[in-house]
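Peer 1: Mind looking over this structure? Questions follow.
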Amino acid sequence: MTEALQILGLARRAGAVAPGTAATRRSISRGEARIVLMAEDASSAQLDKIRRTMRKRIIPQVLLGNRATLGAAIGKAPITAVAVTDASLAGRLLESIDGEIMVDEGRD
C-alpha cells in the first residue's frame with residue numbers, strides 16, 4: 001500500500017487527481033477518471049453515489065486505506081475518494097496495489 005500512496009502523491013503533484021466525492025464524480029462523468037480509489041471506512045452513501053456515477057463505465061475501483069490515509073497521500077484532510085486522471089500513473093497504481101481490484105462493468 002505504501003508504494004500506491006507514493007504514486008498517488010506523485011499524481012497530485014502532477015495535477016492528475018480529482019479529490020473528494022464531488023470531484024471524483026465529475027471526473028467520472030467527464031470521462032477523465034482512469035482509476036477510482038475509495039477509502040475503506042467511507043460511508044456507504046458516499047460510495048453508492050460514486051458507484052452510481054460509474055454505471056456503464058469500465059473504470060477500475062480500489063478500496064485503499066482509510067479516509068485519513070487517502071487524504072494524507074495527497075496533502076488534504078480525510079477524503080472518501082480520489083480519481084486519478086493520468087493513464088500512465090493510473091497504470092502504475094494498478095501494478096502496485098496488492099488488494100482486490102473491482103471493475104464495474106455497467107451491469108444492473
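Chains: A, B, ... in order of the C-alpha cells. Residues: from 1 per chain. Ligands: from 1, in order shown.
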Just want the 7 Å neighbourhood of Pro19 (chain A), counted on only C-alpha atoms, with same-chain residues fewer than 2 positions away dropped. Output as a CSV table (one decimal) with N, CA and C atoms, in the first residue's frame.

Peer 2:
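Result file is out.csv:
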```csv
chain,number,residue,atom,x,y,z
A,17,VAL,N,-5.2,14.4,-10.2
A,17,VAL,CA,-6.2,13.8,-9.2
A,17,VAL,C,-7.4,14.7,-9.1
A,21,THR,N,-15.5,13.3,-3.1
A,21,THR,CA,-16.7,12.6,-3.8
A,21,THR,C,-17.1,13.4,-5.0
A,23,ALA,N,-15.7,15.9,-6.8
A,23,ALA,CA,-14.7,15.9,-7.9
A,23,ALA,C,-14.5,14.6,-8.5
A,24,THR,N,-14.5,13.5,-7.8
A,24,THR,CA,-14.4,12.2,-8.4
A,24,THR,C,-15.6,11.9,-9.3
A,81,ALA,N,-12.9,9.6,-1.5
A,81,ALA,CA,-12.4,9.0,-2.7
A,81,ALA,C,-11.6,10.0,-3.5
A,82,VAL,N,-10.8,9.5,-4.4
A,82,VAL,CA,-10.0,10.3,-5.3
A,82,VAL,C,-9.9,9.5,-6.6
A,83,ALA,N,-10.0,10.3,-7.7
A,83,ALA,CA,-9.9,9.7,-9.1
A,83,ALA,C,-8.5,10.2,-9.6
```

Peer 1: As a VMD selection string, which residues of chain A does DSSP assign to alpha helix (DSSP H)?

Peer 2: chain A and resid 2 to 13 21 to 29 44 to 53 67 to 73 87 to 96

Peer 1: Quick one: write out the picked residues with N, CA and C atoms as a CSV table (one decimal), in the first residue's frame?

Peer 2:
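As a result, part-v2.csv now contains:
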```
chain,number,residue,atom,x,y,z
A,2,THR,N,2.0,1.2,0.6
A,2,THR,CA,2.9,2.4,0.7
A,2,THR,C,3.3,2.9,-0.7
A,3,GLU,N,3.6,2.0,-1.6
A,3,GLU,CA,4.0,2.4,-3.0
A,3,GLU,C,2.8,3.0,-3.7
A,4,ALA,N,1.6,2.5,-3.5
A,4,ALA,CA,0.4,3.1,-4.1
A,4,ALA,C,0.2,4.5,-3.6
A,5,LEU,N,0.4,4.7,-2.3
A,5,LEU,CA,0.2,6.0,-1.7
A,5,LEU,C,1.2,7.0,-2.3
A,6,GLN,N,2.5,6.5,-2.5
A,6,GLN,CA,3.5,7.4,-3.0
A,6,GLN,C,3.2,7.8,-4.5
A,7,ILE,N,2.7,6.8,-5.2
A,7,ILE,CA,2.3,7.1,-6.6
A,7,ILE,C,1.1,8.1,-6.6
A,8,LEU,N,0.2,7.9,-5.7
A,8,LEU,CA,-1.0,8.9,-5.6
A,8,LEU,C,-0.5,10.3,-5.3
A,9,GLY,N,0.5,10.4,-4.4
A,9,GLY,CA,1.1,11.7,-4.1
A,9,GLY,C,1.8,12.3,-5.3
A,10,LEU,N,2.4,11.5,-6.1
A,10,LEU,CA,3.0,11.9,-7.4
A,10,LEU,C,2.0,12.4,-8.3
A,11,ALA,N,0.8,11.7,-8.4
A,11,ALA,CA,-0.3,12.1,-9.2
A,11,ALA,C,-0.8,13.5,-8.8
A,12,ARG,N,-0.9,13.7,-7.5
A,12,ARG,CA,-1.3,15.0,-7.0
A,12,ARG,C,-0.4,16.1,-7.5
A,13,ARG,N,0.9,15.9,-7.3
A,13,ARG,CA,1.9,16.9,-7.7
A,13,ARG,C,1.8,17.1,-9.2
A,21,THR,N,-15.5,13.3,-3.1
A,21,THR,CA,-16.7,12.6,-3.8
A,21,THR,C,-17.1,13.4,-5.0
A,22,ALA,N,-17.4,14.7,-4.8
A,22,ALA,CA,-17.9,15.5,-5.9
A,22,ALA,C,-17.0,15.6,-7.1
A,23,ALA,N,-15.7,15.9,-6.8
A,23,ALA,CA,-14.7,15.9,-7.9
A,23,ALA,C,-14.5,14.6,-8.5
A,24,THR,N,-14.5,13.5,-7.8
A,24,THR,CA,-14.4,12.2,-8.4
A,24,THR,C,-15.6,11.9,-9.3
A,25,ARG,N,-16.8,12.2,-8.8
A,25,ARG,CA,-18.0,12.0,-9.7
A,25,ARG,C,-17.9,12.9,-11.0
A,26,ARG,N,-17.4,14.1,-10.9
A,26,ARG,CA,-17.3,14.9,-12.1
A,26,ARG,C,-16.3,14.3,-13.0
A,27,SER,N,-15.2,13.9,-12.5
A,27,SER,CA,-14.1,13.3,-13.3
A,27,SER,C,-14.7,12.0,-14.0
A,28,ILE,N,-15.4,11.2,-13.4
A,28,ILE,CA,-16.0,10.1,-14.0
A,28,ILE,C,-17.0,10.5,-15.1
A,29,SER,N,-17.9,11.4,-14.8
A,29,SER,CA,-18.9,11.9,-15.8
A,29,SER,C,-18.2,12.5,-17.0
A,44,SER,N,-21.3,4.2,3.3
A,44,SER,CA,-21.9,3.6,2.1
A,44,SER,C,-22.7,4.5,1.2
A,45,ALA,N,-23.2,5.6,1.8
A,45,ALA,CA,-24.0,6.6,1.0
A,45,ALA,C,-23.0,7.3,0.0
A,46,GLN,N,-21.8,7.6,0.4
A,46,GLN,CA,-20.8,8.3,-0.4
A,46,GLN,C,-20.3,7.3,-1.5
A,47,LEU,N,-20.1,6.1,-1.1
A,47,LEU,CA,-19.6,5.1,-2.1
A,47,LEU,C,-20.7,4.8,-3.1
A,48,ASP,N,-22.0,4.7,-2.7
A,48,ASP,CA,-23.1,4.5,-3.6
A,48,ASP,C,-23.2,5.6,-4.6
A,49,LYS,N,-23.0,6.8,-4.2
A,49,LYS,CA,-23.0,8.0,-5.1
A,49,LYS,C,-22.0,7.8,-6.2
A,50,ILE,N,-20.8,7.4,-5.8
A,50,ILE,CA,-19.7,7.2,-6.8
A,50,ILE,C,-20.0,6.0,-7.7
A,51,ARG,N,-20.5,4.9,-7.1
A,51,ARG,CA,-20.7,3.7,-8.0
A,51,ARG,C,-21.9,4.0,-8.9
A,52,ARG,N,-22.9,4.8,-8.5
A,52,ARG,CA,-24.0,5.1,-9.4
A,52,ARG,C,-23.5,5.9,-10.6
A,53,THR,N,-22.5,6.8,-10.4
A,53,THR,CA,-21.9,7.6,-11.4
A,53,THR,C,-21.1,6.8,-12.4
A,67,ARG,N,-9.9,7.0,5.2
A,67,ARG,CA,-10.1,8.3,4.8
A,67,ARG,C,-8.9,9.2,5.1
A,68,ALA,N,-8.4,9.1,6.3
A,68,ALA,CA,-7.2,9.9,6.7
A,68,ALA,C,-6.0,9.6,5.8
A,69,THR,N,-5.7,8.3,5.6
A,69,THR,CA,-4.6,7.9,4.8
A,69,THR,C,-4.7,8.4,3.4
A,70,LEU,N,-5.9,8.2,2.8
A,70,LEU,CA,-6.1,8.7,1.4
A,70,LEU,C,-5.9,10.2,1.3
A,71,GLY,N,-6.4,10.9,2.2
A,71,GLY,CA,-6.3,12.4,2.2
A,71,GLY,C,-4.8,12.8,2.4
A,72,ALA,N,-4.2,12.2,3.4
A,72,ALA,CA,-2.8,12.5,3.6
A,72,ALA,C,-1.9,12.2,2.4
A,73,ALA,N,-2.2,11.2,1.7
A,73,ALA,CA,-1.4,10.9,0.5
A,73,ALA,C,-1.3,12.0,-0.5
A,87,ALA,N,-3.4,8.4,-17.4
A,87,ALA,CA,-3.4,6.9,-17.7
A,87,ALA,C,-2.1,6.2,-17.2
A,88,SER,N,-1.0,6.9,-17.4
A,88,SER,CA,0.3,6.3,-17.0
A,88,SER,C,0.4,6.1,-15.5
A,89,LEU,N,0.0,7.1,-14.7
A,89,LEU,CA,0.0,7.0,-13.3
A,89,LEU,C,-1.0,6.0,-12.8
A,90,ALA,N,-2.2,6.0,-13.4
A,90,ALA,CA,-3.2,5.0,-13.1
A,90,ALA,C,-2.7,3.6,-13.3
A,91,GLY,N,-2.0,3.4,-14.4
A,91,GLY,CA,-1.4,2.0,-14.6
A,91,GLY,C,-0.4,1.7,-13.6
A,92,ARG,N,0.4,2.6,-13.2
A,92,ARG,CA,1.4,2.3,-12.2
A,92,ARG,C,0.7,2.0,-10.8
A,93,LEU,N,-0.3,2.7,-10.6
A,93,LEU,CA,-1.1,2.4,-9.3
A,93,LEU,C,-1.6,1.0,-9.4
A,94,LEU,N,-2.2,0.6,-10.5
A,94,LEU,CA,-2.8,-0.7,-10.6
A,94,LEU,C,-1.8,-1.8,-10.4
A,95,GLU,N,-0.6,-1.5,-10.9
A,95,GLU,CA,0.5,-2.5,-10.7
A,95,GLU,C,1.0,-2.6,-9.3
A,96,SER,N,0.9,-1.5,-8.5
A,96,SER,CA,1.4,-1.5,-7.2
A,96,SER,C,0.4,-2.0,-6.1
```

Peer 1: Could you pull out the residues in chain A that DSSP calls strand (DSSP E) from the backbone, as a list of chain:residue names?

Peer 2: A:Val17, A:Ala18, A:Pro19, A:Ile35, A:Val36, A:Leu37, A:Met38, A:Pro60, A:Gln61, A:Val62, A:Leu63, A:Ala81, A:Val82, A:Ala83, A:Val84, A:Ile101, A:Met102, A:Val103

Peer 1: Which residues come within 10 Å of Asp86 (chain A), counting only C-alpha atoms, excluding same-chain residues fewer than 6 positions away, as a PDB file with C-alpha atoms, in the first residue's frame?

Peer 2:
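The resulting around-v9.pdb:
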```
ATOM      1  CA  ALA A  11      -0.279  12.114  -9.245  1.00  0.00           C
ATOM      2  CA  ALA A  14       1.303  16.281 -11.440  1.00  0.00           C
ATOM      3  CA  GLY A  15      -2.199  17.742 -11.157  1.00  0.00           C
ATOM      4  CA  ALA A  16      -3.735  14.405 -12.119  1.00  0.00           C
ATOM      5  CA  VAL A  17      -6.170  13.844  -9.232  1.00  0.00           C
ATOM      6  CA  GLU A  32     -11.370  11.720 -17.246  1.00  0.00           C
ATOM      7  CA  ALA A  33     -11.058   9.148 -14.425  1.00  0.00           C
ATOM      8  CA  ARG A  34      -8.679   6.276 -15.138  1.00  0.00           C
ATOM      9  CA  ILE A  35      -8.909   4.693 -11.684  1.00  0.00           C
TER      10      ILE A  35
END
```

Peer 1: In Å, rounded to a single decimal, give me how far CA of Ser43 (chain A) is from CA of Lys56 (chain A).

Peer 2: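 CA of Lys56 (chain A) sits 22.5 Å away from CA of Ser43 (chain A).
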
Peer 1: Between CA of Ile58 (chain A) and CA of Lys76 (chain A), what is the distance, to one decimal in Å?

Peer 2: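 Going from CA of Ile58 (chain A) over to CA of Lys76 (chain A) covers 27.2 Å.
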
Peer 1: One decimal, in Å: what's the spacing between CA of Pro60 (chain A) and CA of Val36 (chain A)?

Peer 2: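 So the answer is 6.3 Å.
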
Peer 1: Measuring atom to atom with only C-alpha atoms, identify which of A:Ala18, A:Met54, A:Ile97, A:Leu63 is nearest to Glu40 (chain A).

Peer 2: A:Leu63
